[in-house]
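Okay, so here's the structure we're looking at.
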Amino acid sequence: MSSVIFSGAAKIVPSPSIVDCLNGVQIKMIALGSEHSIAITDEGEALSWGAGGSGRLGHGHQSSILGFLRSSSEFTPRLIKSLEGHKVEHVSTGFLHSACIDENGSVYIFGERTIDKPVFRKSNDATSPSMLSKLPNCQEVVCGGYHTCVVTSGGELYTWGSNENGCLGVGCTEAIYEPERVEGPFLKFSVFKVSCGWKHTAAVSGGKVFTWGWGGSHGTFSVDGHSPGGQLGHGDDIDYYEPMMVEFGKNVKALEVSCGFNHTGAILEYA
């Protein structure tokens, strides 16, 4: 694709508009966070723009206007210079952090990354991409609200970050500061696809969909026991701390899964 359609700017843009400064640039992938965007060119360069608080744009420092005013925002796509020399293949954006994978399968993260609760400590923000050295070769990275997942080339799933409502799938709700492998059903079948919502996660493994994390009855937007949830697809609104298979009936093969803020969808193939 030769141009990017972007419908957000300093003011509301009510219809799709071409990003003029990217005219002629071949874009192969784009990821949208809460208030920031990152695009990957065919050459593997990463361009980011939008709100830059917590370092989520990866530029390492704030912008300067005439040397007087300083802002962390970028209003046009800007090259992430610290990733030059690394051909980026995959990118994802969360609420206040971002992550990408280069052609060698190395994972880089930037933004708010180390947490106690759902709020990151600013002293631990990574304003430039930082490589995670303790991971095997990776092929997919996905950012949730405050958690991150990667799928390795061998089909293993690793998660880390905020673990509120059990969204990391490791059987507890304590924050995980370094990548930890999610086992359970994924010891038998490799993970093909993973997706993150605000505080829930879904994966495709062995042709089945598994979900875990925030079910809806507790936590964000839960008022007087009323649940806005059901996003896990298990017929209830409780939290699951480990991957749980979603029942779709017999002769069904899952091909894709995608999480929204608090809903989930899947593409299925019926035999």
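Scheme for the structure tokens: letters A, B, ... for chains in order shown; per-chain residue numbers from 1; ligand numbers from 1 in order shown.
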
Cys138 in chain A surroundings by only C-alpha atoms, 6 Å radius, close-in-sequence under 6 positions cut, as number ranges by chain: A: 105, 151-153

Restricting the output to all heavy atoms, write the selected residues as an mmCIF file, in the first residue's frame.
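Saved as result10.cif:
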```
data_model
loop_
_atom_site.group_PDB
_atom_site.id
_atom_site.type_symbol
_atom_site.label_atom_id
_atom_site.label_comp_id
_atom_site.auth_asym_id
_atom_site.auth_seq_id
_atom_site.Cartn_x
_atom_site.Cartn_y
_atom_site.Cartn_z
ATOM 1 N N GLY A 105 13.872 -11.455 14.853
ATOM 2 C CA GLY A 105 13.018 -12.000 15.904
ATOM 3 C C GLY A 105 13.247 -11.388 17.261
ATOM 4 O O GLY A 105 12.761 -11.898 18.273
ATOM 5 N N VAL A 151 4.488 -14.195 20.703
ATOM 6 C CA VAL A 151 4.482 -15.584 20.246
ATOM 7 C C VAL A 151 5.830 -15.842 19.592
ATOM 8 O O VAL A 151 6.259 -15.087 18.707
ATOM 9 C CB VAL A 151 3.344 -15.848 19.239
ATOM 10 C CG1 VAL A 151 3.407 -17.289 18.742
ATOM 11 C CG2 VAL A 151 1.989 -15.572 19.879
ATOM 12 N N THR A 152 6.523 -16.880 20.034
ATOM 13 C CA THR A 152 7.831 -17.195 19.481
ATOM 14 C C THR A 152 7.675 -17.962 18.173
ATOM 15 O O THR A 152 6.595 -18.437 17.828
ATOM 16 C CB THR A 152 8.654 -18.044 20.461
ATOM 17 O OG1 THR A 152 8.082 -19.363 20.544
ATOM 18 C CG2 THR A 152 8.662 -17.413 21.855
ATOM 19 N N SER A 153 8.779 -18.096 17.456
ATOM 20 C CA SER A 153 8.748 -18.839 16.200
ATOM 21 C C SER A 153 8.418 -20.311 16.432
ATOM 22 O O SER A 153 7.985 -21.008 15.517
ATOM 23 C CB SER A 153 10.095 -18.707 15.479
ATOM 24 O OG SER A 153 11.156 -19.152 16.317
#
```

Would you please extract all helix (DSSP H, G or I) residues from range 12-233 of chain A, as assigned by DSSP on the backbone, and give them as an MDAnalysis selection string? chainID A and resid 20:22 53:55 81:83 122:124 164:166 184:187

Just the selected residues (C-alpha atoms), exported as a PDB file, in the first residue's frame, please.
```pdb
ATOM      1  CA  ASP A  20       0.352  13.878   2.870  1.00  0.00           C
ATOM      2  CA  CYS A  21       3.862  13.653   4.274  1.00  0.00           C
ATOM      3  CA  LEU A  22       3.812   9.893   3.666  1.00  0.00           C
ATOM      4  CA  GLY A  53       3.830  10.821  27.029  1.00  0.00           C
ATOM      5  CA  SER A  54       5.771   8.074  28.842  1.00  0.00           C
ATOM      6  CA  GLY A  55       8.009   7.617  25.815  1.00  0.00           C
ATOM      7  CA  LYS A  81      16.076   6.817  14.781  1.00  0.00           C
ATOM      8  CA  SER A  82      17.254   4.353  17.419  1.00  0.00           C
ATOM      9  CA  LEU A  83      15.714   1.555  15.322  1.00  0.00           C
ATOM     10  CA  LYS A 122       7.424   7.031  35.480  1.00  0.00           C
ATOM     11  CA  SER A 123      10.971   6.449  36.708  1.00  0.00           C
ATOM     12  CA  ASN A 124      10.944   3.238  34.689  1.00  0.00           C
ATOM     13  CA  GLU A 164      -4.919  -7.232  36.897  1.00  0.00           C
ATOM     14  CA  ASN A 165      -7.814  -9.703  36.620  1.00  0.00           C
ATOM     15  CA  GLY A 166      -5.370 -12.415  35.536  1.00  0.00           C
ATOM     16  CA  GLY A 184      -1.478 -25.079  30.393  1.00  0.00           C
ATOM     17  CA  PRO A 185      -3.089 -26.093  27.074  1.00  0.00           C
ATOM     18  CA  PHE A 186      -0.224 -24.495  25.134  1.00  0.00           C
ATOM     19  CA  LEU A 187       2.172 -27.249  26.212  1.00  0.00           C
TER      20      LEU A 187
END
```

Write out as a PyMOL selection string each polymer residue whose atoms come within 12 Å of Phe210 in chain A, counting only C-alpha atoms; drop sequence neighbours fewer than 3 positions from it. chain A and resi 169+182+184-186+189+191-196+200-207+213+231-234+240-248+254+256-259+264-266

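Atom pair CA of Thr211 in chain A / CA of Glu180 in chain A: separated by 17.2 Å.
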
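CA of Trp49 in chain A sits 16.5 Å away from CA of Glu112 in chain A.
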
Glu174 in chain A proximity check over A:Ser98, A:Asn23, A:Ser162, A:Ser15, using only C-alpha atoms: winner is A:Ser162

Rank A:Glu84, A:Asp102, A:Glu178, A:Asp125 by their smallest atom-to-atom distance to Glu140 in chain A, using only C-alpha atoms, and report the top residue only. A:Asp102

Mind the document's chain letters and residue numbers, and return as a VMD selection string the residues of range 23-164 of chain A that DSSP labels strand (DSSP E). chain A and resid 27 to 32 36 to 41 46 to 50 63 to 65 69 to 71 74 to 79 88 to 93 97 to 102 107 to 111 126 to 132 138 to 143 147 to 152 157 to 161

Rank A:Pro136, A:Pro77, A:Pro129, A:Pro14 by their smallest atom-to-atom distance to Ser106 in chain A, using only C-alpha atoms, and report the top residue only. A:Pro136

To one decimal place in Å, what is the distance between CA of Phe110 in chain A and CA of Cys172 in chain A?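 About the pair CA of Phe110 in chain A and CA of Cys172 in chain A: they are 25.2 Å apart.
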
My list of candidates is A:His86, A:Lys253, A:Lys188, A:Arg78. Which is closest to Gly44 in chain A when distances are computed with only C-alpha atoms?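 Among the listed residues, the smallest separation from Gly44 in chain A belongs to A:His86.
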
When you look at range 32-40 of chain A with a cut-off of 7 Å (counting only C-alpha atoms), what residues show up, excluding the ones that are within fewer than 5 positions of it in the same chain? I need them as a ChimeraX atom specification. /A:27,45-51,88,93-95

Atoms kept (N, CA, C and O atoms) for selection, written as a PDB file, in the first residue's frame:
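File produced: out03.pdb:
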```
ATOM      1  N   ILE A  27       3.921   1.727   2.857  1.00  0.00           N
ATOM      2  CA  ILE A  27       3.611   1.307   4.228  1.00  0.00           C
ATOM      3  C   ILE A  27       3.071  -0.117   4.206  1.00  0.00           C
ATOM      4  O   ILE A  27       2.170  -0.440   3.436  1.00  0.00           O
ATOM      5  N   GLU A  45      11.476   0.557   8.259  1.00  0.00           N
ATOM      6  CA  GLU A  45      11.640   1.712   9.137  1.00  0.00           C
ATOM      7  C   GLU A  45      10.364   1.934   9.943  1.00  0.00           C
ATOM      8  O   GLU A  45       9.260   1.685   9.447  1.00  0.00           O
ATOM      9  N   ALA A  46      10.500   2.418  11.181  1.00  0.00           N
ATOM     10  CA  ALA A  46       9.355   2.673  12.055  1.00  0.00           C
ATOM     11  C   ALA A  46       9.135   4.172  12.183  1.00  0.00           C
ATOM     12  O   ALA A  46      10.064   4.918  12.511  1.00  0.00           O
ATOM     13  N   LEU A  47       7.909   4.608  11.919  1.00  0.00           N
ATOM     14  CA  LEU A  47       7.525   6.008  12.032  1.00  0.00           C
ATOM     15  C   LEU A  47       6.423   6.127  13.066  1.00  0.00           C
ATOM     16  O   LEU A  47       5.454   5.366  13.033  1.00  0.00           O
ATOM     17  N   SER A  48       6.543   7.063  13.996  1.00  0.00           N
ATOM     18  CA  SER A  48       5.527   7.197  15.047  1.00  0.00           C
ATOM     19  C   SER A  48       5.065   8.635  15.165  1.00  0.00           C
ATOM     20  O   SER A  48       5.795   9.573  14.846  1.00  0.00           O
ATOM     21  N   TRP A  49       3.838   8.797  15.631  1.00  0.00           N
ATOM     22  CA  TRP A  49       3.272  10.139  15.842  1.00  0.00           C
ATOM     23  C   TRP A  49       2.099  10.055  16.808  1.00  0.00           C
ATOM     24  O   TRP A  49       1.596   8.987  17.122  1.00  0.00           O
ATOM     25  N   GLY A  50       1.682  11.220  17.300  1.00  0.00           N
ATOM     26  CA  GLY A  50       0.593  11.298  18.269  1.00  0.00           C
ATOM     27  C   GLY A  50       1.106  11.717  19.634  1.00  0.00           C
ATOM     28  O   GLY A  50       2.167  12.340  19.764  1.00  0.00           O
ATOM     29  N   ALA A  51       0.355  11.371  20.672  1.00  0.00           N
ATOM     30  CA  ALA A  51       0.758  11.698  22.043  1.00  0.00           C
ATOM     31  C   ALA A  51       1.993  10.889  22.416  1.00  0.00           C
ATOM     32  O   ALA A  51       2.041   9.682  22.212  1.00  0.00           O
ATOM     33  N   VAL A  88      12.307  -3.556  10.900  1.00  0.00           N
ATOM     34  CA  VAL A  88      11.161  -3.902  11.739  1.00  0.00           C
ATOM     35  C   VAL A  88      10.124  -4.657  10.906  1.00  0.00           C
ATOM     36  O   VAL A  88       9.751  -4.226   9.814  1.00  0.00           O
ATOM     37  N   THR A  93       0.793  -1.425  19.544  1.00  0.00           N
ATOM     38  CA  THR A  93       0.714  -0.287  20.451  1.00  0.00           C
ATOM     39  C   THR A  93      -0.301  -0.563  21.550  1.00  0.00           C
ATOM     40  O   THR A  93      -1.368  -1.126  21.301  1.00  0.00           O
ATOM     41  N   GLY A  94       0.034  -0.165  22.774  1.00  0.00           N
ATOM     42  CA  GLY A  94      -0.875  -0.303  23.900  1.00  0.00           C
ATOM     43  C   GLY A  94      -1.392   1.053  24.329  1.00  0.00           C
ATOM     44  O   GLY A  94      -1.446   1.998  23.535  1.00  0.00           O
ATOM     45  N   PHE A  95      -1.755   1.165  25.588  1.00  0.00           N
ATOM     46  CA  PHE A  95      -2.287   2.425  26.107  1.00  0.00           C
ATOM     47  C   PHE A  95      -1.169   3.456  26.262  1.00  0.00           C
ATOM     48  O   PHE A  95      -1.270   4.579  25.760  1.00  0.00           O
TER      49      PHE A  95
END
```

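For the residues A:Thr127, A:Asn104, A:Ser73, A:Asn137, ranking by smallest atom-to-atom distance to Gly85 in chain A using only C-alpha atoms places A:Asn104 first.
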